[in-house]
>>> print(open('protein18.txt').read())   # compact mmCIF, C-alpha atoms
# COMPACT_ATOMS: atom_id res chain seq x y z
CA MET A 1169 0.00 0.00 0.00
CA ALA A 1170 1.20 3.53 -0.78
CA VAL A 1171 2.40 5.79 2.01
CA ASN A 1172 -0.56 7.31 3.85
CA LYS A 1173 -0.75 11.01 2.96
CA ARG A 1174 -4.23 11.51 4.43
CA THR A 1175 -4.48 14.29 7.02
CA ALA A 1176 -5.44 12.86 10.39
CA LEU A 1177 -8.83 13.96 11.73
CA ILE A 1178 -9.77 14.01 15.40
CA ALA A 1179 -13.51 14.73 15.65
CA GLY A 1180 -15.28 15.49 18.93
CA ASN A 1181 -18.98 14.56 19.03
CA TRP A 1182 -20.48 16.47 21.96
CA LYS A 1183 -23.87 14.75 21.57
CA MET A 1184 -26.54 16.54 23.71
CA ASN A 1185 -24.11 18.38 25.95
CA LEU A 1186 -23.03 22.03 26.43
CA ASP A 1187 -25.29 25.00 25.73
CA HIS A 1188 -24.12 27.82 23.48
CA LEU A 1189 -22.43 29.75 26.30
CA GLN A 1190 -20.59 26.66 27.47
CA ALA A 1191 -19.65 25.97 23.86
CA ILE A 1192 -18.06 29.39 23.48
CA ALA A 1193 -15.96 28.91 26.61
CA PHE A 1194 -14.93 25.40 25.61
CA VAL A 1195 -13.90 26.36 22.07
CA GLN A 1196 -11.88 29.32 23.32
CA LYS A 1197 -10.04 27.19 25.85
CA LEU A 1198 -9.44 24.38 23.35
CA ALA A 1199 -8.06 26.79 20.77
CA TRP A 1200 -5.79 28.43 23.35
CA SER A 1201 -4.59 25.08 24.63
CA LEU A 1202 -3.67 23.84 21.16
CA LYS A 1203 -2.08 27.16 20.19
CA ASP A 1204 0.03 27.23 23.36
CA ALA A 1205 1.21 23.72 22.49
CA ALA A 1206 2.11 24.85 18.95
CA HIS A 1207 -0.23 22.26 17.48
CA ASP A 1208 0.14 21.72 13.72
CA PHE A 1209 -3.40 21.74 12.33
CA ASP A 1210 -2.09 20.82 8.88
CA ALA A 1211 -0.88 17.52 10.31
CA VAL A 1212 -3.83 16.74 12.57
CA GLU A 1213 -7.18 18.41 11.96
CA ALA A 1214 -9.35 19.05 15.00
CA ALA A 1215 -13.11 19.20 14.49
CA ILE A 1216 -15.99 19.62 16.91
CA PHE A 1217 -19.64 18.64 16.52
CA PRO A 1218 -21.76 20.73 18.90
CA PRO A 1219 -25.55 20.61 19.29
CA PHE A 1220 -27.48 22.55 16.63
CA THR A 1221 -28.24 25.38 19.08
CA ASP A 1222 -24.50 26.05 19.53
CA LEU A 1223 -23.50 26.20 15.88
CA ARG A 1224 -24.09 29.91 15.24
CA SER A 1225 -22.08 30.86 18.33
CA VAL A 1226 -19.27 28.50 17.33
CA GLN A 1227 -19.29 29.85 13.78
CA THR A 1228 -19.08 33.46 14.97
CA LEU A 1229 -16.25 32.75 17.40
CA ILE A 1230 -14.15 30.71 14.96
CA ALA A 1231 -14.60 33.30 12.19
CA ALA A 1232 -13.93 36.34 14.40
CA ASP A 1233 -10.84 34.90 16.08
CA LYS A 1234 -9.63 33.10 12.93
CA LEU A 1235 -9.34 29.81 14.79
CA SER A 1236 -8.06 26.74 12.97
CA LEU A 1237 -10.73 24.43 14.38
CA THR A 1238 -13.33 22.98 12.03
CA TYR A 1239 -16.86 21.97 12.95
CA GLY A 1240 -20.03 20.32 11.79
CA GLY A 1241 -23.55 19.18 12.61
CA GLN A 1242 -24.46 16.03 14.49
CA ASP A 1243 -27.23 15.11 12.04
CA VAL A 1244 -29.03 16.41 8.96
CA SER A 1245 -32.42 16.08 7.35
CA GLU A 1246 -32.92 14.25 4.10
CA HIS A 1247 -35.28 17.11 3.11
CA GLU A 1248 -34.35 20.49 1.67
CA SER A 1249 -37.14 22.47 3.40
CA GLY A 1250 -40.84 22.33 4.16
CA ALA A 1251 -43.21 20.92 6.76
CA HIS A 1252 -40.66 18.89 8.70
CA THR A 1253 -40.89 20.07 12.29
CA GLY A 1254 -37.63 19.76 14.19
CA GLU A 1255 -35.57 18.89 11.12
CA VAL A 1256 -32.42 20.80 10.07
CA SER A 1257 -31.50 20.89 6.40
CA ALA A 1258 -28.07 20.65 4.82
CA ALA A 1259 -28.65 24.10 3.35
CA PHE A 1260 -28.93 25.54 6.86
CA LEU A 1261 -25.73 23.83 7.98
CA ALA A 1262 -23.90 25.09 4.90
CA LYS A 1263 -25.01 28.65 5.69
CA LEU A 1264 -23.39 28.24 9.09
CA ASP A 1265 -20.10 27.35 7.35
CA CYS A 1266 -20.15 23.79 8.66
CA ARG A 1267 -17.59 21.62 6.92
CA TYR A 1268 -18.87 18.28 8.16
CA VAL A 1269 -22.02 16.51 9.26
CA ILE A 1270 -22.31 13.19 11.10
CA ILE A 1271 -24.69 10.77 9.41
CA GLY A 1272 -25.88 7.38 10.61
CA HIS A 1273 -24.46 7.53 14.14
CA SER A 1274 -25.39 4.40 16.05
CA GLU A 1275 -27.55 6.43 18.43
CA ARG A 1276 -29.57 7.72 15.48
CA ARG A 1277 -29.89 4.20 14.10
CA THR A 1278 -30.98 2.64 17.40
CA GLN A 1279 -32.86 5.46 19.15
CA HIS A 1280 -34.52 6.94 16.07
CA ALA A 1281 -34.84 3.83 13.90
CA GLU A 1282 -32.77 5.28 11.05
CA ASP A 1283 -32.12 2.58 8.47
CA ASP A 1284 -29.52 2.27 5.72
CA ALA A 1285 -31.85 3.74 3.09
CA LEU A 1286 -32.40 6.91 5.14
CA VAL A 1287 -28.68 7.21 5.82
CA ALA A 1288 -28.03 7.04 2.06
CA ARG A 1289 -30.55 9.82 1.42
CA LYS A 1290 -28.97 11.99 4.10
CA VAL A 1291 -25.55 11.46 2.52
CA GLN A 1292 -26.94 12.72 -0.77
CA ALA A 1293 -28.49 15.75 0.96
CA ALA A 1294 -25.15 16.64 2.55
CA LEU A 1295 -23.20 16.29 -0.68
CA ARG A 1296 -25.69 18.49 -2.57
CA HIS A 1297 -24.73 21.37 -0.29
CA GLY A 1298 -20.98 20.82 -0.19
CA LEU A 1299 -20.87 19.24 3.26
CA VAL A 1300 -18.53 16.36 4.00
CA PRO A 1301 -20.60 13.49 5.43
CA VAL A 1302 -19.02 11.55 8.27
CA ILE A 1303 -20.70 8.21 7.56
CA CYS A 1304 -20.93 6.08 10.69
CA VAL A 1305 -20.99 2.30 10.44
CA GLY A 1306 -20.69 -0.37 13.09
CA GLU A 1307 -22.01 -3.58 14.56
CA SER A 1308 -23.67 -4.53 17.83
CA ALA A 1309 -22.36 -7.28 20.10
CA GLU A 1310 -25.00 -9.62 18.67
CA ASP A 1311 -24.05 -8.68 15.09
CA LEU A 1312 -20.43 -9.40 15.93
CA LYS A 1313 -21.32 -12.83 17.27
CA VAL A 1314 -23.54 -13.79 14.33
CA HIS A 1315 -21.86 -12.10 11.35
CA GLY A 1316 -18.26 -11.49 12.36
CA PRO A 1317 -16.36 -8.22 12.72
CA SER A 1318 -16.77 -6.52 9.34
CA ALA A 1319 -19.90 -7.83 7.58
CA ILE A 1320 -22.36 -5.30 9.03
CA PRO A 1321 -20.10 -2.22 8.71
CA VAL A 1322 -19.28 -3.14 5.09
CA ALA A 1323 -22.96 -3.66 4.22
CA GLN A 1324 -23.88 -0.34 5.83
CA LEU A 1325 -21.14 1.49 3.92
CA GLN A 1326 -22.13 -0.11 0.61
CA ARG A 1327 -25.70 1.13 1.07
CA ALA A 1328 -24.59 4.60 2.16
CA LEU A 1329 -22.48 4.93 -1.00
CA ASP A 1330 -25.48 4.47 -3.29
CA SER A 1331 -25.23 7.13 -6.03
CA VAL A 1332 -22.12 8.65 -4.43
CA PRO A 1333 -19.49 9.42 -7.09
CA GLY A 1334 -15.95 8.24 -6.56
CA SER A 1335 -14.82 11.87 -6.52
CA ALA A 1336 -16.97 12.73 -3.50
CA ASP A 1337 -15.30 13.97 -0.33
CA ILE A 1338 -16.50 11.74 2.50
CA VAL A 1339 -15.25 10.42 5.83
CA VAL A 1340 -16.06 6.95 7.18
CA ALA A 1341 -16.27 6.34 10.94
CA TYR A 1342 -16.19 2.79 12.25
CA GLU A 1343 -17.91 2.79 15.62
CA PRO A 1344 -18.59 -0.66 17.07
CA VAL A 1345 -21.78 -0.24 19.09
CA TRP A 1346 -20.46 -2.64 21.71
CA ALA A 1347 -17.52 -0.33 22.42
CA ILE A 1348 -19.26 3.06 22.61
CA GLY A 1349 -19.23 4.38 26.16
CA SER A 1350 -18.41 0.93 27.47
CA GLY A 1351 -14.85 1.55 28.54
CA GLN A 1352 -14.00 -1.55 26.51
CA PRO A 1353 -12.78 -0.24 23.16
CA ALA A 1354 -11.89 -2.37 20.18
CA THR A 1355 -8.23 -3.23 20.06
CA ALA A 1356 -6.10 -1.51 17.46
CA ASP A 1357 -5.86 -4.80 15.56
CA GLN A 1358 -9.65 -5.23 15.60
CA ALA A 1359 -10.24 -1.68 14.38
CA GLU A 1360 -7.59 -2.01 11.68
CA SER A 1361 -9.07 -5.24 10.33
CA VAL A 1362 -12.45 -3.57 9.87
CA ALA A 1363 -10.81 -0.44 8.41
CA VAL A 1364 -9.11 -2.63 5.79
CA ALA A 1365 -12.49 -4.12 4.81
CA LEU A 1366 -14.02 -0.65 4.61
CA ARG A 1367 -11.16 0.64 2.47
CA ASN A 1368 -11.60 -2.32 0.14
CA THR A 1369 -15.28 -1.37 -0.11
CA LEU A 1370 -14.32 2.17 -1.05
CA GLN A 1371 -11.97 0.79 -3.68
CA GLU A 1372 -14.67 -1.42 -5.16
CA HIS A 1373 -17.10 1.50 -5.26
CA GLY A 1374 -14.94 4.41 -6.36
CA GLY A 1375 -11.58 3.02 -7.41
CA ASP A 1376 -8.07 3.55 -6.10
CA GLU A 1377 -8.43 7.31 -5.88
CA MET A 1378 -11.43 7.17 -3.55
CA SER A 1379 -9.87 4.40 -1.50
CA SER A 1380 -6.55 6.15 -1.02
CA ARG A 1381 -8.06 9.60 -0.32
CA THR A 1382 -10.92 8.81 2.05
CA ARG A 1383 -10.22 9.03 5.76
CA ILE A 1384 -11.43 6.24 8.04
CA LEU A 1385 -11.90 7.02 11.72
CA TYR A 1386 -12.32 4.76 14.73
CA GLY A 1387 -14.90 5.62 17.40
CA GLY A 1388 -15.72 3.85 20.65
CA SER A 1389 -14.24 4.65 24.09
CA VAL A 1390 -11.33 6.60 22.56
CA SER A 1391 -9.03 8.09 25.20
CA PRO A 1392 -5.60 9.73 25.51
CA SER A 1393 -4.20 6.38 26.59
CA ASN A 1394 -5.30 4.40 23.51
CA ILE A 1395 -5.36 6.91 20.64
CA ALA A 1396 -1.72 6.36 19.65
CA GLY A 1397 -2.32 2.64 19.18
CA TYR A 1398 -5.09 3.28 16.69
CA MET A 1399 -3.12 5.96 14.88
CA ARG A 1400 -0.19 3.60 14.30
CA GLU A 1401 -2.44 1.49 12.08
CA PRO A 1402 -2.06 2.26 8.35
CA ASN A 1403 -5.78 2.37 7.57
CA ILE A 1404 -6.97 4.38 10.57
CA ASP A 1405 -6.78 8.11 9.95
CA GLY A 1406 -8.29 9.53 13.11
CA ALA A 1407 -10.97 9.16 15.71
CA LEU A 1408 -14.59 10.05 16.37
CA VAL A 1409 -14.42 10.89 20.07
CA GLY A 1410 -17.49 10.88 22.31
CA GLY A 1411 -17.26 11.35 26.07
CA ALA A 1412 -13.59 12.35 26.06
CA SER A 1413 -14.37 15.24 23.69
CA LEU A 1414 -16.17 17.00 26.59
CA ASP A 1415 -13.02 16.93 28.72
CA LEU A 1416 -10.80 19.77 27.55
CA ALA A 1417 -7.51 18.27 28.69
CA ALA A 1418 -8.38 14.80 27.40
CA PHE A 1419 -9.54 16.00 23.99
CA ALA A 1420 -6.54 18.30 23.53
CA SER A 1421 -4.30 15.37 24.45
CA ILE A 1422 -6.02 13.13 21.90
CA VAL A 1423 -5.62 15.80 19.21
CA ARG A 1424 -1.92 16.07 20.11
CA TYR A 1425 -1.27 12.33 20.08
CA GLN A 1426 1.83 12.82 17.89
CA LYS A 1427 3.49 14.92 20.58
CA HIS A 1428 2.73 13.24 23.83
CA VAL A 1429 3.13 9.64 22.65
CA GLY A 1430 5.90 8.25 20.48
CA SER A 1431 5.12 6.95 17.02
>>> encode(input="protein18.txt", output="structure tokens")
Amino acid sequence: MAVNKRTALIAGNWKMNLDHLQAIAFVQKLAWSLKDAAHDFDAVEAAIFPPFTDLRSVQTLIAADKLSLTYGGQDVSEHESGAHTGEVSAAFLAKLDCRYVIIGHSERRTQHAEDDALVARKVQAALRHGLVPVICVGESAEDLKVHGPSAIPVAQLQRALDSVPGSADIVVAYEPVWAIGSGQPATADQAESVAVALRNTLQEHGGDEMSSRTRILYGGSVSPSNIAGYMREPNIDGALVGGASLDLAAFASIVRYQKHVGS
């Protein structure tokens, strides 16, 4: 395999935490912390995914202070506009200068009954408005027992890629449901084996260019103590961080994995 030239991405999913005032304080402190540590954002991109109600405040702060952080939405509607109470369209996120949007997170799939077909439609909605979809795939403990470690994530990715051109800018996040918030993350070897299967799926769908360019993240109980192990793997390009993204010191440490842990 060619040398990995993909820019690492550490993405913090805040879920339903932090109001807009708390978000402002957190982003300021995170930016200061990384700046004081001379963090190289060209080597490791840091992105945050606040609740919808925080996005305008985050946008204003990042633009005014010219911060190097990027950000995105935690979900998106498949619809452009109309009578869809509570929905947020990709057009709205684009107007807030979001770069990314998370699609198909396991909590959306399980708590809101989002299926693969809906995920595929949301991916299309994001791409229409220039957003980079962070497509989440992963298996439950029961799926793992019945189907093995990569069958479900691969099938989910195949469906999500319906009508997606090979030139599209996407991110894939492997988040084993059994590892999220459990304190029992997948091992680096386990995550890498699934990442290889996902990269092969990208190759089959969009060719070598899509396969070599697309970043694959691992998510599930990521912490400062285990991030370096994942990042040593050739097919893992970053992390989708949940609980640890709400801890300023922990998240900054994860973003700076190249500095505080040897390669």
>>> residues_near_point(input="protein18.txt", point="(-9.6, 4.8, 21.9)", cutoff="10 Å", atoms="all atoms listed in the file", output="list of chain:residue names")
A:Ala1347, A:Ile1348, A:Gly1351, A:Gln1352, A:Pro1353, A:Ala1354, A:Thr1355, A:Ala1356, A:Ala1359, A:Tyr1386, A:Gly1387, A:Gly1388, A:Ser1389, A:Val1390, A:Ser1391, A:Pro1392, A:Ser1393, A:Asn1394, A:Ile1395, A:Ala1396, A:Gly1397, A:Tyr1398, A:Met1399, A:Ala1407, A:Leu1408, A:Val1409, A:Gly1410, A:Ala1412, A:Ile1422
>>> closest_residue(input="protein18.txt", among="A:Ala1420, A:Ile1271, A:Ile1230, A:Val1362", to="Ile1320 in chain A", atoms="only C-alpha atoms")
A:Val1362
>>> closest_residue(input="protein18.txt", among="A:Leu1189, A:Val1287, A:Leu1235, A:Met1184", to="Leu1202 in chain A", atoms="only C-alpha atoms")
A:Leu1235
>>> closest_residue(input="protein18.txt", among="A:Ser1379, A:Asp1311, A:Glu1360, A:Thr1369", to="Ala1336 in chain A", atoms="all atoms listed in the file")
A:Ser1379
>>> atom_distance(input="protein18.txt", atom1="CA of Lys1263 in chain A", atom2="CA of Val1244 in chain A")
13.3 Å
>>> residues_around(input="protein18.txt", residues="Leu1329 in chain A", least_positions_apart="4", cutoff="12 Å", atoms="all atoms listed in the file", output="VMD selection string")
chain A and resid 1284 to 1292 1295 1301 to 1305 1322 to 1325 1333 to 1340 1366 1369 to 1374 1378
>>> closest_residue(input="protein18.txt", among="A:Lys1234, A:Asp1210, A:Gly1240, A:Phe1220", to="Val1256 in chain A", atoms="all atoms listed in the file")
A:Phe1220
>>> closest_residue(input="protein18.txt", among="A:Thr1278, A:Ser1421, A:Ser1245, A:Gln1326", to="Ala1293 in chain A", atoms="all atoms listed in the file")
A:Ser1245
>>> residues_around(input="protein18.txt", residues="range 1273-1275 of chain A", least_positions_apart="3", cutoff="9 Å", atoms="only C-alpha atoms", output="MDAnalysis selection string")
chainID A and resid 1242:1243 1270 1278:1282 1302:1307 1341 1343:1345
>>> residues_near_point(input="protein18.txt", point="(-25.3, 29.0, 13.7)", cutoff="9 Å", atoms="all atoms listed in the file", output="ChimeraX atom specification")
/A:1220-1228,1260-1261,1263-1266
>>> decode(input="protein18.txt", residues="range 1338-1408 of chain A", atoms="C-alpha atoms", output="tab-separated table (two decimals), in the first residue's frame")
chain	number	residue	atom	x	y	z
A	1338	ILE	CA	-16.50	11.74	2.50
A	1339	VAL	CA	-15.25	10.42	5.83
A	1340	VAL	CA	-16.06	6.95	7.18
A	1341	ALA	CA	-16.27	6.34	10.94
A	1342	TYR	CA	-16.19	2.79	12.25
A	1343	GLU	CA	-17.91	2.79	15.62
A	1344	PRO	CA	-18.59	-0.66	17.07
A	1345	VAL	CA	-21.78	-0.24	19.09
A	1346	TRP	CA	-20.46	-2.64	21.71
A	1347	ALA	CA	-17.52	-0.33	22.42
A	1348	ILE	CA	-19.26	3.06	22.61
A	1349	GLY	CA	-19.23	4.38	26.16
A	1350	SER	CA	-18.41	0.93	27.47
A	1351	GLY	CA	-14.85	1.55	28.54
A	1352	GLN	CA	-14.00	-1.55	26.51
A	1353	PRO	CA	-12.78	-0.24	23.16
A	1354	ALA	CA	-11.89	-2.37	20.18
A	1355	THR	CA	-8.23	-3.23	20.06
A	1356	ALA	CA	-6.10	-1.51	17.46
A	1357	ASP	CA	-5.86	-4.80	15.56
A	1358	GLN	CA	-9.65	-5.23	15.60
A	1359	ALA	CA	-10.24	-1.68	14.38
A	1360	GLU	CA	-7.59	-2.01	11.68
A	1361	SER	CA	-9.07	-5.24	10.33
A	1362	VAL	CA	-12.45	-3.57	9.87
A	1363	ALA	CA	-10.81	-0.44	8.41
A	1364	VAL	CA	-9.11	-2.63	5.79
A	1365	ALA	CA	-12.49	-4.12	4.81
A	1366	LEU	CA	-14.02	-0.65	4.61
A	1367	ARG	CA	-11.16	0.64	2.47
A	1368	ASN	CA	-11.60	-2.32	0.14
A	1369	THR	CA	-15.28	-1.37	-0.11
A	1370	LEU	CA	-14.32	2.17	-1.05
A	1371	GLN	CA	-11.97	0.79	-3.68
A	1372	GLU	CA	-14.67	-1.42	-5.16
A	1373	HIS	CA	-17.10	1.50	-5.26
A	1374	GLY	CA	-14.94	4.41	-6.36
A	1375	GLY	CA	-11.58	3.02	-7.41
A	1376	ASP	CA	-8.07	3.55	-6.10
A	1377	GLU	CA	-8.43	7.31	-5.88
A	1378	MET	CA	-11.43	7.17	-3.55
A	1379	SER	CA	-9.87	4.40	-1.50
A	1380	SER	CA	-6.55	6.15	-1.02
A	1381	ARG	CA	-8.06	9.60	-0.32
A	1382	THR	CA	-10.92	8.81	2.05
A	1383	ARG	CA	-10.22	9.03	5.76
A	1384	ILE	CA	-11.43	6.24	8.04
A	1385	LEU	CA	-11.90	7.02	11.72
A	1386	TYR	CA	-12.32	4.76	14.73
A	1387	GLY	CA	-14.90	5.62	17.40
A	1388	GLY	CA	-15.72	3.85	20.65
A	1389	SER	CA	-14.24	4.65	24.09
A	1390	VAL	CA	-11.33	6.60	22.56
A	1391	SER	CA	-9.03	8.09	25.20
A	1392	PRO	CA	-5.60	9.73	25.51
A	1393	SER	CA	-4.20	6.38	26.59
A	1394	ASN	CA	-5.30	4.40	23.51
A	1395	ILE	CA	-5.36	6.91	20.64
A	1396	ALA	CA	-1.72	6.36	19.65
A	1397	GLY	CA	-2.32	2.64	19.18
A	1398	TYR	CA	-5.09	3.28	16.69
A	1399	MET	CA	-3.12	5.96	14.88
A	1400	ARG	CA	-0.19	3.60	14.30
A	1401	GLU	CA	-2.44	1.49	12.08
A	1402	PRO	CA	-2.06	2.26	8.35
A	1403	ASN	CA	-5.78	2.37	7.57
A	1404	ILE	CA	-6.97	4.38	10.57
A	1405	ASP	CA	-6.78	8.11	9.95
A	1406	GLY	CA	-8.29	9.53	13.11
A	1407	ALA	CA	-10.97	9.16	15.71
A	1408	LEU	CA	-14.59	10.05	16.37
